[in-house]
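Engineer: Below are the structure tokens for one structure; questions will follow.
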Amino acid sequence: MSVHYESVQTGTLYPDAFQVAAPSSALERHIWPRKLGVFIRKAPSLIDASAEPDSAPELTVEPIEGAAPDKGARELGVGQFGLVPPWVKSASDAKLRSTKLVNARSETVTTSTNFRDTWLKGQRCIVPMMAFFEDDWRSGKAVPTRISRVDGKPMGVAGLWELWAKDGEEIISFTLLTVNANSHALLHRYQQGGNEKRMPAILGEGTYDAWLNARHEKAKEFMRAYPANWLTANPVEK
């Protein structure tokens, strides 16, 4: 599972890489379950892009300069890492469930009760990140490893976003879609042995609009493993 990633800290990378304005408030560098992160969705969306989870009102998003309200326009959303399904009954239940829903298996996303409705509603997103982290267990001990693009550019990972609302409370949340990595030349080395190896579904830069706007029956065609030779892995120095 990919439960930890590094957010994009340099503001200019948002318009350069994703054609959206950067957050006006700084994000935490390391994003863990239930931490606030940003995601990119198509605009106009079902909700206001400035809406935020009540857990962190200090984070705001600037309007997107020059974004037209057409099919190809994108906007930045803010939410917690770990999806809250709309059928969750209470905010306390949402907190418990969301930590386990930071990843959605692409193979079962259309049948999972946690993600099916969100997928069918077309609430797909792109999660910008500089790197994600996996443990290397080959030595017998967990060695945290940072996995990033070889060229140092940010990655756009396919995800889903959701708005949960009940009794006056609202939570905006998102999850990362993952693909099998058992035969991936790089990612098969990581995570504990005996378990299926997974990796985030990293999108090609030229496919962002196509991913956001594809019909749901075509969206699964984007669920592919990112080429190993385009990634690099480095142990994290404590």
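The chains in the structure tokens are called A, B, ... from first to last as shown; in each chain the residues are counted from 1, and the ligands are counted from 1 in the order shown.
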As a list in words, please: every residue in stretch 155-203 of chain A that a backbone DSSP assignment puts in strand (DSSP E or B).

Structural biologist: Met155, Gly156, Val157, Ala158, Gly159, Leu160, Trp161, Glu162, Leu163, Trp164, Ala165, Lys166, Glu169, Glu170, Ile171, Ile172, Ser173, Phe174, Thr175, Leu176, Leu177, Thr178, Val179, Asn180, Tyr190, Arg198, Met199, Pro200 and Ile202 of chain A

Engineer: Would you save the residues from that selection as a short mmCIF file (atom, residue, chain, number, x, y, z; two decimals), in the first residue's frame, using C-alpha atoms?

Structural biologist:
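In the end it all went to out_28.cif:
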```
data_model
loop_
_atom_site.label_atom_id
_atom_site.label_comp_id
_atom_site.auth_asym_id
_atom_site.auth_seq_id
_atom_site.Cartn_x
_atom_site.Cartn_y
_atom_site.Cartn_z
CA MET A 155 4.07 12.87 -10.71
CA GLY A 156 0.34 12.89 -11.27
CA VAL A 157 -1.27 9.83 -9.68
CA ALA A 158 -4.78 8.71 -10.61
CA GLY A 159 -7.23 9.00 -7.74
CA LEU A 160 -10.85 9.42 -6.67
CA TRP A 161 -12.34 12.21 -4.59
CA GLU A 162 -15.52 12.37 -2.55
CA LEU A 163 -17.67 14.80 -0.56
CA TRP A 164 -19.26 13.41 2.61
CA ALA A 165 -21.93 15.52 4.28
CA LYS A 166 -24.22 14.82 7.22
CA GLU A 169 -20.59 18.44 8.72
CA GLU A 170 -18.64 18.05 5.49
CA ILE A 171 -15.47 16.12 4.68
CA ILE A 172 -13.75 16.28 1.32
CA SER A 173 -11.41 13.34 0.83
CA PHE A 174 -9.43 11.45 -1.79
CA THR A 175 -7.71 8.12 -2.41
CA LEU A 176 -4.94 6.84 -4.69
CA LEU A 177 -5.70 4.21 -7.30
CA THR A 178 -3.18 1.36 -7.39
CA VAL A 179 -2.14 -1.37 -9.82
CA ASN A 180 -0.40 -4.71 -9.44
CA TYR A 190 9.40 -3.35 -2.00
CA ARG A 198 1.11 -2.68 -5.43
CA MET A 199 2.06 0.71 -6.83
CA PRO A 200 0.22 3.99 -7.46
CA ILE A 202 1.01 7.13 -12.22
#
```

Engineer: Might you pull out every residue within 8 Å of A:Gln9, with only C-alpha atoms counted and same-chain residues fewer than 4 positions away left off, and present them as a PDB file with N, CA and C atoms, in the first residue's frame?

Structural biologist:
```
ATOM      1  N   ALA A  26       0.881  26.859   2.538  1.00  0.00           N
ATOM      2  CA  ALA A  26       1.822  25.755   2.374  1.00  0.00           C
ATOM      3  C   ALA A  26       1.214  24.430   2.834  1.00  0.00           C
ATOM      4  N   LEU A  27       1.469  23.388   2.069  1.00  0.00           N
ATOM      5  CA  LEU A  27       1.095  22.033   2.463  1.00  0.00           C
ATOM      6  C   LEU A  27       2.210  21.425   3.306  1.00  0.00           C
ATOM      7  N   ARG A  29       4.922  18.714   3.891  1.00  0.00           N
ATOM      8  CA  ARG A  29       5.705  17.977   2.891  1.00  0.00           C
ATOM      9  C   ARG A  29       5.318  16.503   2.875  1.00  0.00           C
TER      10      ARG A  29
END
```

Engineer: Name the residues in contact with A:His30 at a cut-off of 8 Å, using only C-alpha atoms, excluding same-chain residues fewer than 4 positions from it; report them as a VMD selection string.

Structural biologist: chain A and resid 4 to 7

Engineer: Expressed in Å to a single decimal, how great is the separation between atom CA of A:Glu134 and atom CA of A:Val236?

Structural biologist: 10.1 Å

Engineer: Tell me which protein, DNA and RNA residues are within 9 Å of A:Gly82, counting only C-alpha atoms, leaving out same-chain ones fewer than 5 positions away, and put them as a ChimeraX atom specification.

Structural biologist: /A:32-35,95,97-103,173-176

Engineer: Which neighbours of stretch 210-225 of chain A fall inside 10 Å, counting only C-alpha atoms, when residues of the same chain fewer than 5 positions from it are skipped, and could you give them as JSON, numbers by chain?

Structural biologist: {"A": [40, 41, 42, 43, 71, 72, 73, 74, 105, 106, 107, 109, 110, 119, 120, 121, 122, 123, 124, 125, 126, 158, 159, 177, 178, 179, 180, 181, 183, 184, 187, 198, 199, 200, 201, 202, 203, 204]}

Engineer: Hey, can you spit out that residue selection with N, CA and C atoms as a short mmCIF file (atom, residue, chain, number, x, y, z; two decimals), in the first residue's frame?

Structural biologist:
```
data_model
loop_
_atom_site.label_atom_id
_atom_site.label_comp_id
_atom_site.auth_asym_id
_atom_site.auth_seq_id
_atom_site.Cartn_x
_atom_site.Cartn_y
_atom_site.Cartn_z
N ILE A 40 -6.39 17.35 -8.11
CA ILE A 40 -6.84 18.10 -9.28
C ILE A 40 -8.02 17.37 -9.90
N ARG A 41 -9.09 18.10 -10.14
CA ARG A 41 -10.29 17.52 -10.74
C ARG A 41 -10.74 18.41 -11.90
N LYS A 42 -11.69 17.90 -12.68
CA LYS A 42 -12.18 18.71 -13.78
C LYS A 42 -13.11 19.79 -13.24
N ALA A 43 -13.17 20.91 -13.93
CA ALA A 43 -14.02 22.02 -13.54
C ALA A 43 -15.01 22.31 -14.68
N LYS A 71 -14.95 21.73 -20.70
CA LYS A 71 -14.70 20.33 -20.38
C LYS A 71 -13.26 20.06 -20.02
N GLY A 72 -12.32 20.82 -20.59
CA GLY A 72 -10.92 20.54 -20.36
C GLY A 72 -10.31 21.26 -19.19
N ALA A 73 -11.05 22.20 -18.56
CA ALA A 73 -10.48 22.99 -17.48
C ALA A 73 -10.28 22.12 -16.23
N ARG A 74 -9.29 22.50 -15.44
CA ARG A 74 -8.99 21.78 -14.20
C ARG A 74 -9.02 22.73 -13.03
N ARG A 105 -7.94 -0.35 -5.05
CA ARG A 105 -7.45 -1.29 -6.05
C ARG A 105 -8.18 -1.07 -7.38
N SER A 106 -7.44 -0.81 -8.43
CA SER A 106 -8.07 -0.51 -9.72
C SER A 106 -8.87 -1.70 -10.25
N GLU A 107 -8.46 -2.91 -9.89
CA GLU A 107 -9.13 -4.11 -10.40
C GLU A 107 -10.53 -4.29 -9.81
N VAL A 109 -12.33 -1.57 -8.19
CA VAL A 109 -12.94 -0.29 -7.86
C VAL A 109 -14.40 -0.21 -8.30
N THR A 110 -14.77 -0.96 -9.33
CA THR A 110 -16.16 -0.90 -9.81
C THR A 110 -17.09 -1.78 -9.01
N TRP A 119 -16.63 6.07 -8.23
CA TRP A 119 -16.13 5.77 -9.58
C TRP A 119 -17.21 6.01 -10.63
N LEU A 120 -18.41 5.51 -10.38
CA LEU A 120 -19.48 5.64 -11.36
C LEU A 120 -19.94 7.09 -11.53
N LYS A 121 -19.76 7.90 -10.51
CA LYS A 121 -20.10 9.33 -10.62
C LYS A 121 -19.04 10.10 -11.40
N GLY A 122 -17.93 9.43 -11.72
CA GLY A 122 -16.87 10.09 -12.48
C GLY A 122 -16.04 11.06 -11.67
N GLN A 123 -15.99 10.86 -10.35
CA GLN A 123 -15.24 11.77 -9.49
C GLN A 123 -13.77 11.36 -9.42
N ARG A 124 -13.16 11.38 -10.61
CA ARG A 124 -11.75 11.04 -10.71
C ARG A 124 -10.90 12.29 -10.48
N CYS A 125 -9.68 12.08 -10.06
CA CYS A 125 -8.79 13.21 -9.82
C CYS A 125 -7.35 12.81 -10.10
N ILE A 126 -6.48 13.78 -10.03
CA ILE A 126 -5.04 13.59 -10.17
C ILE A 126 -4.41 14.09 -8.88
N ALA A 158 -3.34 8.83 -10.46
CA ALA A 158 -4.78 8.71 -10.61
C ALA A 158 -5.43 8.47 -9.25
N GLY A 159 -6.53 9.16 -9.01
CA GLY A 159 -7.23 9.00 -7.74
C GLY A 159 -8.72 9.23 -7.89
N LEU A 177 -5.46 5.47 -6.61
CA LEU A 177 -5.70 4.21 -7.30
C LEU A 177 -4.37 3.47 -7.46
N THR A 178 -4.40 2.16 -7.30
CA THR A 178 -3.18 1.36 -7.39
C THR A 178 -3.33 0.22 -8.39
N VAL A 179 -2.18 -0.25 -8.88
CA VAL A 179 -2.14 -1.37 -9.82
C VAL A 179 -1.17 -2.42 -9.29
N ASN A 180 -1.29 -3.61 -9.84
CA ASN A 180 -0.40 -4.71 -9.44
C ASN A 180 1.03 -4.42 -9.87
N ALA A 181 1.99 -4.73 -8.98
CA ALA A 181 3.41 -4.48 -9.28
C ALA A 181 4.26 -5.73 -9.06
N SER A 183 5.28 -7.94 -11.10
CA SER A 183 6.28 -8.14 -12.15
C SER A 183 6.97 -6.84 -12.54
N HIS A 184 6.75 -5.78 -11.77
CA HIS A 184 7.38 -4.51 -12.07
C HIS A 184 8.87 -4.60 -11.74
N LEU A 187 9.38 -1.93 -8.51
CA LEU A 187 8.50 -1.98 -7.35
C LEU A 187 8.31 -3.38 -6.77
N ARG A 198 1.96 -3.69 -4.81
CA ARG A 198 1.11 -2.68 -5.43
C ARG A 198 1.91 -1.40 -5.66
N MET A 199 1.45 -0.59 -6.59
CA MET A 199 2.06 0.71 -6.83
C MET A 199 0.99 1.70 -7.26
N PRO A 200 1.19 2.99 -7.00
CA PRO A 200 0.22 3.99 -7.46
C PRO A 200 0.12 3.98 -8.99
N ALA A 201 -1.07 4.28 -9.49
CA ALA A 201 -1.29 4.37 -10.93
C ALA A 201 -0.84 5.74 -11.41
N ILE A 202 0.43 5.86 -11.77
CA ILE A 202 1.01 7.13 -12.22
C ILE A 202 0.59 7.38 -13.67
N LEU A 203 0.05 8.55 -13.91
CA LEU A 203 -0.45 8.89 -15.24
C LEU A 203 0.64 9.51 -16.10
N GLY A 204 0.57 9.30 -17.39
CA GLY A 204 1.45 10.00 -18.31
C GLY A 204 1.02 11.46 -18.39
#
```

Engineer: For atom CA of A:Arg149 and atom CA of A:Trp230, quote the distance in Å rounded to one decimal.

Structural biologist: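 These atoms are spaced 5.8 Å apart.
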
Engineer: Need to verify the contact set: A:Tyr14, 12 Å, only C-alpha atoms, exclusion of same-chain residues closer than 4 positions in sequence. Can you return it as number ranges by chain?

Structural biologist: A: 7-10, 18-24, 38-40, 61-62, 64-65, 74-76, 126-130, 153-156

Engineer: Kindly give the distance, in Å, that separates atom CA of A:Glu196 and atom CA of A:Gly79, rounded to a single decimal.

Structural biologist: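 Separation of atom CA of A:Glu196 and atom CA of A:Gly79: 28.3 Å.
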
Engineer: Using only C-alpha atoms, pick whichever of A:Ser148, A:Gln192, A:Ser112, A:Asn229 has the shortest atom-to-atom distance to A:Asp135.

Structural biologist: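 That would be A:Gln192, the residue with the smallest distance to A:Asp135.
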
Engineer: Which residue gives the smallest distance to A:Ala104 among A:Ser2, A:Thr207, A:Ser25, A:Ala131, with only C-alpha atoms counted?

Structural biologist: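 Looking only at the distances to A:Ala104, the closest residue turns out to be A:Ser2.
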
Engineer: Go through A:Asn195, A:Thr12, A:Asn114, A:Glu205 and flag the residue nearest A:Ala94, using only C-alpha atoms for the distances.

Structural biologist: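 Ranking A:Asn195, A:Thr12, A:Asn114, A:Glu205 by distance to A:Ala94, first place goes to A:Asn114.
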
Engineer: My list of candidates is A:Gly37, A:Thr118, A:Arg138, A:Leu231. Which is closest to A:Gly152 when distances are computed with only C-alpha atoms?

Structural biologist: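 Smallest separation from A:Gly152 among the options: A:Leu231.
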